[in-house]
file protein19.txt (compact mmCIF, C-alpha atoms)
# COMPACT_ATOMS: atom_id res chain seq x y z
CA MET A 353 92.87 76.04 108.70
CA ARG A 354 96.24 76.63 107.08
CA LEU A 355 96.00 75.90 103.36
CA GLY A 356 98.64 75.82 100.66
CA VAL A 357 98.24 76.18 96.90
CA ILE A 358 100.98 75.12 94.50
CA ASP A 359 100.29 76.79 91.16
CA ILE A 360 102.32 75.13 88.38
CA GLY A 361 102.09 77.72 85.63
CA SER A 362 103.79 78.32 82.32
CA ASN A 363 106.17 80.89 83.80
CA THR A 364 106.50 80.08 87.51
CA VAL A 365 105.79 77.52 90.19
CA HIS A 366 104.21 79.55 92.97
CA LEU A 367 103.29 78.45 96.48
CA LEU A 368 100.80 80.49 98.48
CA VAL A 369 100.10 79.65 102.14
CA MET A 370 96.98 81.14 103.72
CA ASP A 371 95.08 80.88 106.96
CA ALA A 372 91.49 80.45 105.86
CA ARG A 373 88.08 79.47 107.11
CA HIS A 374 84.69 79.51 105.48
CA GLY A 375 83.09 82.95 105.47
CA ALA A 376 86.30 84.79 106.36
CA ARG A 377 88.86 86.58 104.25
CA PRO A 378 91.93 84.33 103.62
CA VAL A 379 95.02 85.82 105.23
CA PRO A 380 98.38 85.24 103.44
CA GLN A 381 101.10 83.72 105.62
CA ALA A 382 103.84 82.80 103.18
CA SER A 383 104.67 82.84 99.50
CA ALA A 384 107.46 81.20 97.51
CA LYS A 385 108.03 81.43 93.78
CA THR A 386 110.44 79.79 91.36
CA THR A 387 110.72 81.14 87.82
CA VAL A 388 110.84 78.25 85.35
CA ARG A 389 109.70 79.80 82.03
CA LEU A 390 108.48 76.44 80.81
CA MET A 391 107.90 77.62 77.23
CA ARG A 392 111.66 77.61 76.61
CA TYR A 393 111.74 73.87 77.38
CA LEU A 394 109.11 72.83 74.84
CA GLU A 395 110.34 70.46 72.14
CA PRO A 396 109.15 70.57 68.50
CA ASP A 397 106.81 67.63 69.18
CA GLY A 398 105.12 69.56 72.00
CA SER A 399 106.77 67.64 74.84
CA ILE A 400 108.63 69.16 77.79
CA SER A 401 112.36 68.45 77.54
CA PRO A 402 114.22 66.48 80.25
CA GLU A 403 115.78 69.76 81.39
CA GLY A 404 112.33 71.27 81.74
CA VAL A 405 111.05 68.29 83.70
CA ALA A 406 114.05 68.59 86.04
CA ALA A 407 113.43 72.33 86.54
CA LEU A 408 109.74 71.71 87.27
CA THR A 409 110.50 68.86 89.65
CA ASP A 410 112.97 70.95 91.63
CA ALA A 411 110.51 73.86 91.80
CA VAL A 412 107.59 71.70 92.98
CA ASP A 413 109.81 69.94 95.51
CA SER A 414 110.90 73.32 96.89
CA ALA A 415 107.31 74.58 97.08
CA ALA A 416 106.13 71.46 98.91
CA ARG A 417 109.01 71.77 101.39
CA VAL A 418 108.23 75.41 102.14
CA GLY A 419 104.58 74.49 102.65
CA ARG A 420 105.51 71.83 105.19
CA GLU A 421 107.81 74.27 106.98
CA HIS A 422 104.85 76.63 107.41
CA GLY A 423 102.58 73.92 108.77
CA THR A 424 100.04 73.57 105.98
CA GLU A 425 97.20 71.23 106.95
CA SER A 426 95.98 70.78 103.40
CA THR A 427 97.55 71.53 100.02
CA LEU A 428 96.03 72.03 96.60
CA ALA A 429 98.18 71.61 93.49
CA LEU A 430 97.06 73.10 90.18
CA ALA A 431 98.51 72.90 86.67
CA THR A 432 97.57 75.19 83.81
CA SER A 433 98.11 75.50 80.06
CA ALA A 434 101.72 74.36 79.54
CA LEU A 435 101.24 71.01 81.26
CA ARG A 436 97.70 70.69 79.95
CA GLU A 437 98.95 70.86 76.37
CA ALA A 438 102.30 69.03 76.63
CA THR A 439 102.39 65.70 74.81
CA ASN A 440 104.19 64.10 77.75
CA GLY A 441 102.01 65.92 80.27
CA PRO A 442 100.56 62.82 81.99
CA GLU A 443 104.00 61.39 82.75
CA VAL A 444 105.32 64.73 83.96
CA LEU A 445 102.25 65.26 86.16
CA ALA A 446 102.71 61.85 87.77
CA ALA A 447 106.29 62.72 88.70
CA LEU A 448 105.30 66.15 90.02
CA ALA A 449 102.42 64.75 92.09
CA GLU A 450 104.88 62.45 93.84
CA ARG A 451 107.04 65.46 94.78
CA ALA A 452 104.05 67.60 95.78
CA GLY A 453 102.62 64.79 97.93
CA VAL A 454 99.10 65.46 96.60
CA PRO A 455 97.27 64.87 93.31
CA ILE A 456 97.63 67.67 90.77
CA GLU A 457 94.43 69.07 89.30
CA VAL A 458 94.84 70.04 85.65
CA LEU A 459 92.63 73.03 84.99
CA SER A 460 91.00 73.73 81.65
CA GLY A 461 91.27 77.26 80.31
CA ASN A 462 87.63 77.86 81.23
CA ASP A 463 88.31 76.62 84.77
CA GLU A 464 91.19 79.08 85.07
CA ALA A 465 88.91 81.92 84.00
CA ARG A 466 86.10 80.76 86.30
CA LEU A 467 88.28 80.45 89.43
CA THR A 468 90.00 83.77 88.80
CA PHE A 469 86.61 85.40 88.33
CA LEU A 470 85.45 83.92 91.65
CA ALA A 471 88.45 85.51 93.39
CA ALA A 472 87.74 88.90 91.81
CA ARG A 473 84.05 88.71 92.70
CA ARG A 474 84.81 87.98 96.37
CA TRP A 475 87.41 90.76 96.43
CA TYR A 476 85.08 93.38 94.96
CA GLY A 477 81.86 92.14 96.55
CA TRP A 478 78.31 91.99 95.26
CA GLY A 479 77.93 95.76 95.23
CA ALA A 480 80.45 96.07 92.41
CA GLY A 481 77.86 94.88 89.88
CA ARG A 482 78.95 93.28 86.63
CA LEU A 483 82.67 92.50 86.34
CA LEU A 484 84.76 92.00 83.23
CA LEU A 485 87.92 90.04 84.05
CA LEU A 486 91.20 89.88 82.12
CA ASP A 487 94.09 87.64 83.19
CA ILE A 488 97.31 87.11 81.19
CA GLY A 489 99.28 84.00 82.15
CA GLY A 490 102.34 82.47 80.58
CA GLY A 491 100.41 80.29 78.17
CA SER A 492 96.95 81.80 77.83
CA LEU A 493 94.73 84.84 78.28
CA GLU A 494 91.58 84.30 80.34
CA ILE A 495 88.49 86.49 79.96
CA ALA A 496 85.24 86.29 81.94
CA THR A 497 82.22 88.44 82.69
CA GLY A 498 79.20 88.18 84.96
CA VAL A 499 77.20 89.50 87.90
CA ASP A 500 77.33 86.36 90.07
CA GLU A 501 80.15 84.24 91.44
CA GLU A 502 79.86 81.99 88.38
CA PRO A 503 80.55 84.06 85.24
CA ASP A 504 78.05 84.25 82.39
CA VAL A 505 80.92 83.85 79.92
CA ALA A 506 84.35 82.36 80.58
CA LEU A 507 86.90 81.71 77.88
CA SER A 508 90.59 81.10 77.36
CA VAL A 509 92.64 82.03 74.31
CA PRO A 510 96.26 80.97 73.58
CA LEU A 511 97.78 84.43 73.95
CA GLY A 512 99.91 84.01 77.08
CA ALA A 513 102.94 86.28 77.45
CA GLY A 514 105.42 83.40 77.52
CA ARG A 515 103.85 81.63 74.56
CA MET A 516 103.78 84.82 72.45
CA THR A 517 107.38 85.66 73.35
CA ARG A 518 108.50 82.20 72.25
CA GLU A 519 106.51 82.28 69.01
CA PHE A 520 107.19 85.86 67.91
CA LEU A 521 109.90 87.65 69.93
CA PHE A 522 112.39 84.99 71.00
CA ASP A 523 115.17 85.52 68.44
CA ASP A 524 116.18 89.12 69.16
CA ASP A 525 116.61 91.15 72.35
CA PRO A 526 115.28 93.80 71.98
CA PRO A 527 112.81 92.41 69.45
CA LYS A 528 112.54 93.65 65.89
CA GLN A 529 109.70 96.07 65.31
CA ALA A 530 108.43 93.88 62.48
CA ASP A 531 108.12 90.93 64.87
CA VAL A 532 106.24 93.04 67.42
CA GLU A 533 103.82 94.05 64.67
CA ARG A 534 103.39 90.42 63.58
CA LEU A 535 102.48 89.58 67.17
CA ARG A 536 100.02 92.49 67.28
CA VAL A 537 98.26 91.35 64.11
CA HIS A 538 98.12 87.77 65.40
CA ALA A 539 96.66 88.83 68.76
CA ARG A 540 94.14 91.09 67.05
CA ASN A 541 92.98 88.29 64.75
CA VAL A 542 92.70 85.70 67.53
CA LEU A 543 90.74 88.08 69.74
CA ALA A 544 88.43 89.17 66.94
CA SER A 545 87.23 85.59 66.49
CA ALA A 546 87.05 84.78 70.22
CA VAL A 547 85.56 87.65 72.20
CA GLY A 548 82.15 87.95 70.55
CA PRO A 549 80.26 86.38 73.50
CA VAL A 550 81.98 88.79 75.90
CA ARG A 551 81.27 91.85 73.75
CA ASP A 552 77.63 90.76 73.48
CA ALA A 553 77.26 90.70 77.27
CA PRO A 554 75.97 93.80 79.11
CA THR A 555 78.41 96.64 79.77
CA PRO A 556 80.49 95.91 82.89
CA ASP A 557 80.52 98.16 85.93
CA HIS A 558 84.19 97.34 86.51
CA ALA A 559 86.86 96.07 84.11
CA VAL A 560 89.27 94.14 86.31
CA ALA A 561 92.74 92.77 85.51
CA THR A 562 94.70 90.21 87.48
CA SER A 563 98.04 88.38 87.07
CA LYS A 564 101.62 89.47 87.49
CA THR A 565 101.79 90.74 83.91
CA PHE A 566 98.98 93.24 84.45
CA ARG A 567 100.34 94.23 87.88
CA SER A 568 103.77 94.90 86.37
CA LEU A 569 102.29 96.94 83.54
CA ALA A 570 100.16 98.93 85.97
CA ARG A 571 103.19 99.72 88.13
CA LEU A 572 104.83 101.05 84.98
CA ALA A 573 101.97 102.67 83.07
CA GLY A 574 99.25 103.05 85.68
CA MET A 575 98.63 104.96 88.88
CA PRO A 576 97.48 104.21 92.44
CA ARG A 577 93.76 104.66 92.92
CA ASP A 578 93.19 104.27 96.64
CA VAL A 579 94.33 102.23 99.59
CA LEU A 580 92.31 99.49 101.24
CA GLY A 581 94.11 98.04 104.25
CA PRO A 582 97.54 96.84 103.09
CA ASP A 583 96.44 96.47 99.46
CA HIS A 584 97.13 99.20 96.92
CA ARG A 585 94.50 99.56 94.23
CA TRP A 586 95.90 100.47 90.85
CA ARG A 587 94.23 101.44 87.61
CA MET A 588 95.71 101.57 84.12
CA LEU A 589 94.47 103.52 81.13
CA ARG A 590 94.85 101.96 77.70
CA VAL A 591 96.24 105.22 76.34
CA HIS A 592 99.09 105.04 78.89
CA LEU A 593 99.80 101.42 77.98
CA GLU A 594 99.85 102.36 74.28
CA ASP A 595 102.46 104.99 75.11
CA TRP A 596 104.69 102.61 77.08
CA GLU A 597 104.53 99.52 74.86
CA PRO A 598 106.83 100.79 72.04
CA ARG A 599 109.27 102.15 74.61
CA LEU A 600 109.46 98.74 76.27
CA ALA A 601 110.06 97.09 72.91
CA ARG A 602 113.08 99.32 72.22
CA LEU A 603 114.83 98.20 75.42
CA SER A 604 116.71 94.97 76.00
CA SER A 605 115.37 92.65 78.67
CA VAL A 606 118.27 93.66 80.94
CA ASP A 607 117.52 97.36 80.53
CA ARG A 608 113.83 96.78 81.28
CA THR A 609 114.66 95.59 84.80
CA VAL A 610 115.50 99.15 85.91
CA LEU A 611 111.87 100.17 85.28
CA PRO A 612 109.36 100.12 88.15
CA GLY A 613 107.48 96.84 88.42
CA ILE A 614 109.64 94.95 85.86
CA GLY A 615 111.76 92.32 87.61
CA PRO A 616 114.22 89.90 85.98
CA GLY A 617 111.63 87.12 85.95
CA ARG A 618 109.18 89.22 83.92
CA ALA A 619 111.50 91.35 81.76
CA LEU A 620 111.86 88.96 78.83
CA GLN A 621 108.14 88.53 78.19
CA ILE A 622 106.71 91.88 79.28
CA VAL A 623 106.66 93.24 75.70
CA ALA A 624 104.45 90.37 74.54
CA GLY A 625 102.32 90.83 77.66
CA ALA A 626 101.92 94.55 76.91
CA VAL A 627 100.87 93.88 73.31
CA VAL A 628 98.31 91.25 74.37
CA ALA A 629 96.98 93.48 77.15
CA GLU A 630 96.61 96.44 74.80
CA GLU A 631 94.89 94.39 72.09
CA ALA A 632 92.58 92.66 74.58
CA MET A 633 91.48 96.00 76.02
CA ARG A 634 90.92 97.36 72.51
CA ALA A 635 88.98 94.27 71.36
CA LEU A 636 86.68 94.54 74.38
CA GLY A 637 86.24 98.30 74.20
CA VAL A 638 87.95 98.81 77.57
CA ASP A 639 89.66 102.15 78.19
CA GLU A 640 90.72 101.45 81.78
CA VAL A 641 91.30 98.41 84.01
CA GLU A 642 91.46 98.16 87.79
CA ILE A 643 94.10 95.80 89.18
CA CYS A 644 92.72 93.13 91.52
CA PRO A 645 95.25 91.54 93.91
CA TRP A 646 93.39 88.20 94.05
CA ALA A 647 93.59 85.73 91.19
CA LEU A 648 93.70 81.99 90.46
CA ARG A 649 95.32 80.78 93.68
CA GLU A 650 92.89 82.70 95.88
CA GLY A 651 90.00 81.46 93.75
CA ALA A 652 91.13 77.86 94.25
CA ILE A 653 91.27 78.34 98.02
CA LEU A 654 87.84 79.96 98.09
CA GLN A 655 86.32 77.14 96.06
CA HIS A 656 87.98 74.57 98.34
CA LEU A 657 86.51 76.24 101.42
CA ASP A 658 83.07 76.35 99.80
CA ARG A 659 83.24 72.63 99.10
CA LEU A 660 84.22 71.89 102.70
call {"tool": "encode", "arguments": {"input": "protein19.txt", "output": "structure tokens"}}
result
Amino acid sequence: MRLGVIDIGSNTVHLLVMDARHGARPVPQASAKTTVRLMRYLEPDGSISPEGVAALTDAVDSAARVGREHGTESTLALATSALREATNGPEVLAALAERAGVPIEVLSGNDEARLTFLAARRWYGWGAGRLLLLDIGGGSLEIATGVDEEPDVALSVPLGAGRMTREFLFDDDPPKQADVERLRVHARNVLASAVGPVRDAPTPDHAVATSKTFRSLARLAGMPRDVLGPDHRWRMLRVHLEDWEPRLARLSSVDRTVLPGIGPGRALQIVAGAVVAEEAMRALGVDEVEICPWALREGAILQHLDRL
């Protein structure tokens, strides 16, 4: 079966097309991504501006068209924190569903964490033991831990890279050091009050990070670990991230694009992502993370196959 997933996130609208069947590893066939950076279109009342709605509509329309061109038999459409929290979210979702041609499932933060954890569990397998998962999106940070396919603890905190850039680092490029420190204190305080259930869980056998933010940071501050088929495994030490984060903050977003792993679509918010990643690892007592190539979209496909 050829399945498509349209992931309407806070930073991008991303289509993934996979050939998949129950019990087999999904095989990617096509991918298309449009950078929207929805946080810049949020109005003071929490609504998405008309310009933002137009950008989202065009991106979803393009994703649906690419899916049809690749012969998808079934398509899932998911929306995460930005649309979940927008005051005009229901109206925007109705318009986007018409363009996508399928209903759009609005995921809670816990659902995002749970589906991403499912993808990591299937990728690593049962023999990996207890996993601790970290995933930084545009609007939120997801954390989960467990030994089964359903995590023991799954939570979402509003520390996404796009959200934090808009709230703390949006006025200056490169950002002022004082603003970076304000973000660090905010992230530290939010995490201190949120991660207790995760810290109380047993020690994980693997600390796993997903999402484009972590992959970009690992390309910059990490190192390859091994090769499994076409997929490069990366790991990133917190001490290396701590070394790179202030250097990133001293560069403009344009200058950051010359660094490995930092493309134009990620350059503006990578400093906020680095701060959140560093503080999340510190709050959870994690010295090293392994980068998992599967995340929310793969988790959604796996859950869909299980239900079939």
call {"tool": "closest_atom_pairs", "arguments": {"input": "protein19.txt", "of": "segment 436-543 of chain A", "to": "segment 589-612 of chain A", "cutoff": "8 Å", "atoms": "only C-alpha atoms", "output": "tab-separated table"}}
result
residue	atom	partner	partner_atom	distance
A:Asp525	CA	A:Ser604	CA	5.3
A:Pro526	CA	A:Ser604	CA	4.4
A:Pro527	CA	A:Ala601	CA	6.4
A:Gln529	CA	A:Ala601	CA	7.7
A:Val532	CA	A:Ala601	CA	7.8
call {"tool": "closest_residue", "arguments": {"input": "protein19.txt", "among": "A:Arg373, A:Arg436, A:Arg354, A:Arg518", "to": "Ser460 of chain A", "atoms": "only C-alpha atoms"}}
result
A:Arg436
call {"tool": "atom_distance", "arguments": {"input": "protein19.txt", "atom1": "atom CA of Leu448 of chain A", "atom2": "atom CA of Gly398 of chain A"}}
result
18.3 Å
call {"tool": "residues_around", "arguments": {"input": "protein19.txt", "residues": "Glu642 of chain A", "least_positions_apart": "5", "cutoff": "8 Å", "atoms": "all atoms listed in the file", "output": "list of chain:residue names"}}
result
A:His558, A:Ala559, A:Val560, A:Ala561, A:Arg585, A:Trp586, A:Arg587, A:Met588
call {"tool": "closest_residue", "arguments": {"input": "protein19.txt", "among": "A:Gly625, A:Pro556, A:Gly453, A:Gly423", "to": "Gly512 of chain A", "atoms": "only C-alpha atoms"}}
result
A:Gly625
call {"tool": "atom_distance", "arguments": {"input": "protein19.txt", "atom1": "atom CA of Gly356 of chain A", "atom2": "atom CA of Met391 of chain A"}}
result
25.3 Å
call {"tool": "closest_residue", "arguments": {"input": "protein19.txt", "among": "A:Leu648, A:Leu493, A:Glu464, A:Ala471", "to": "His366 of chain A", "atoms": "only C-alpha atoms"}}
result
A:Leu648
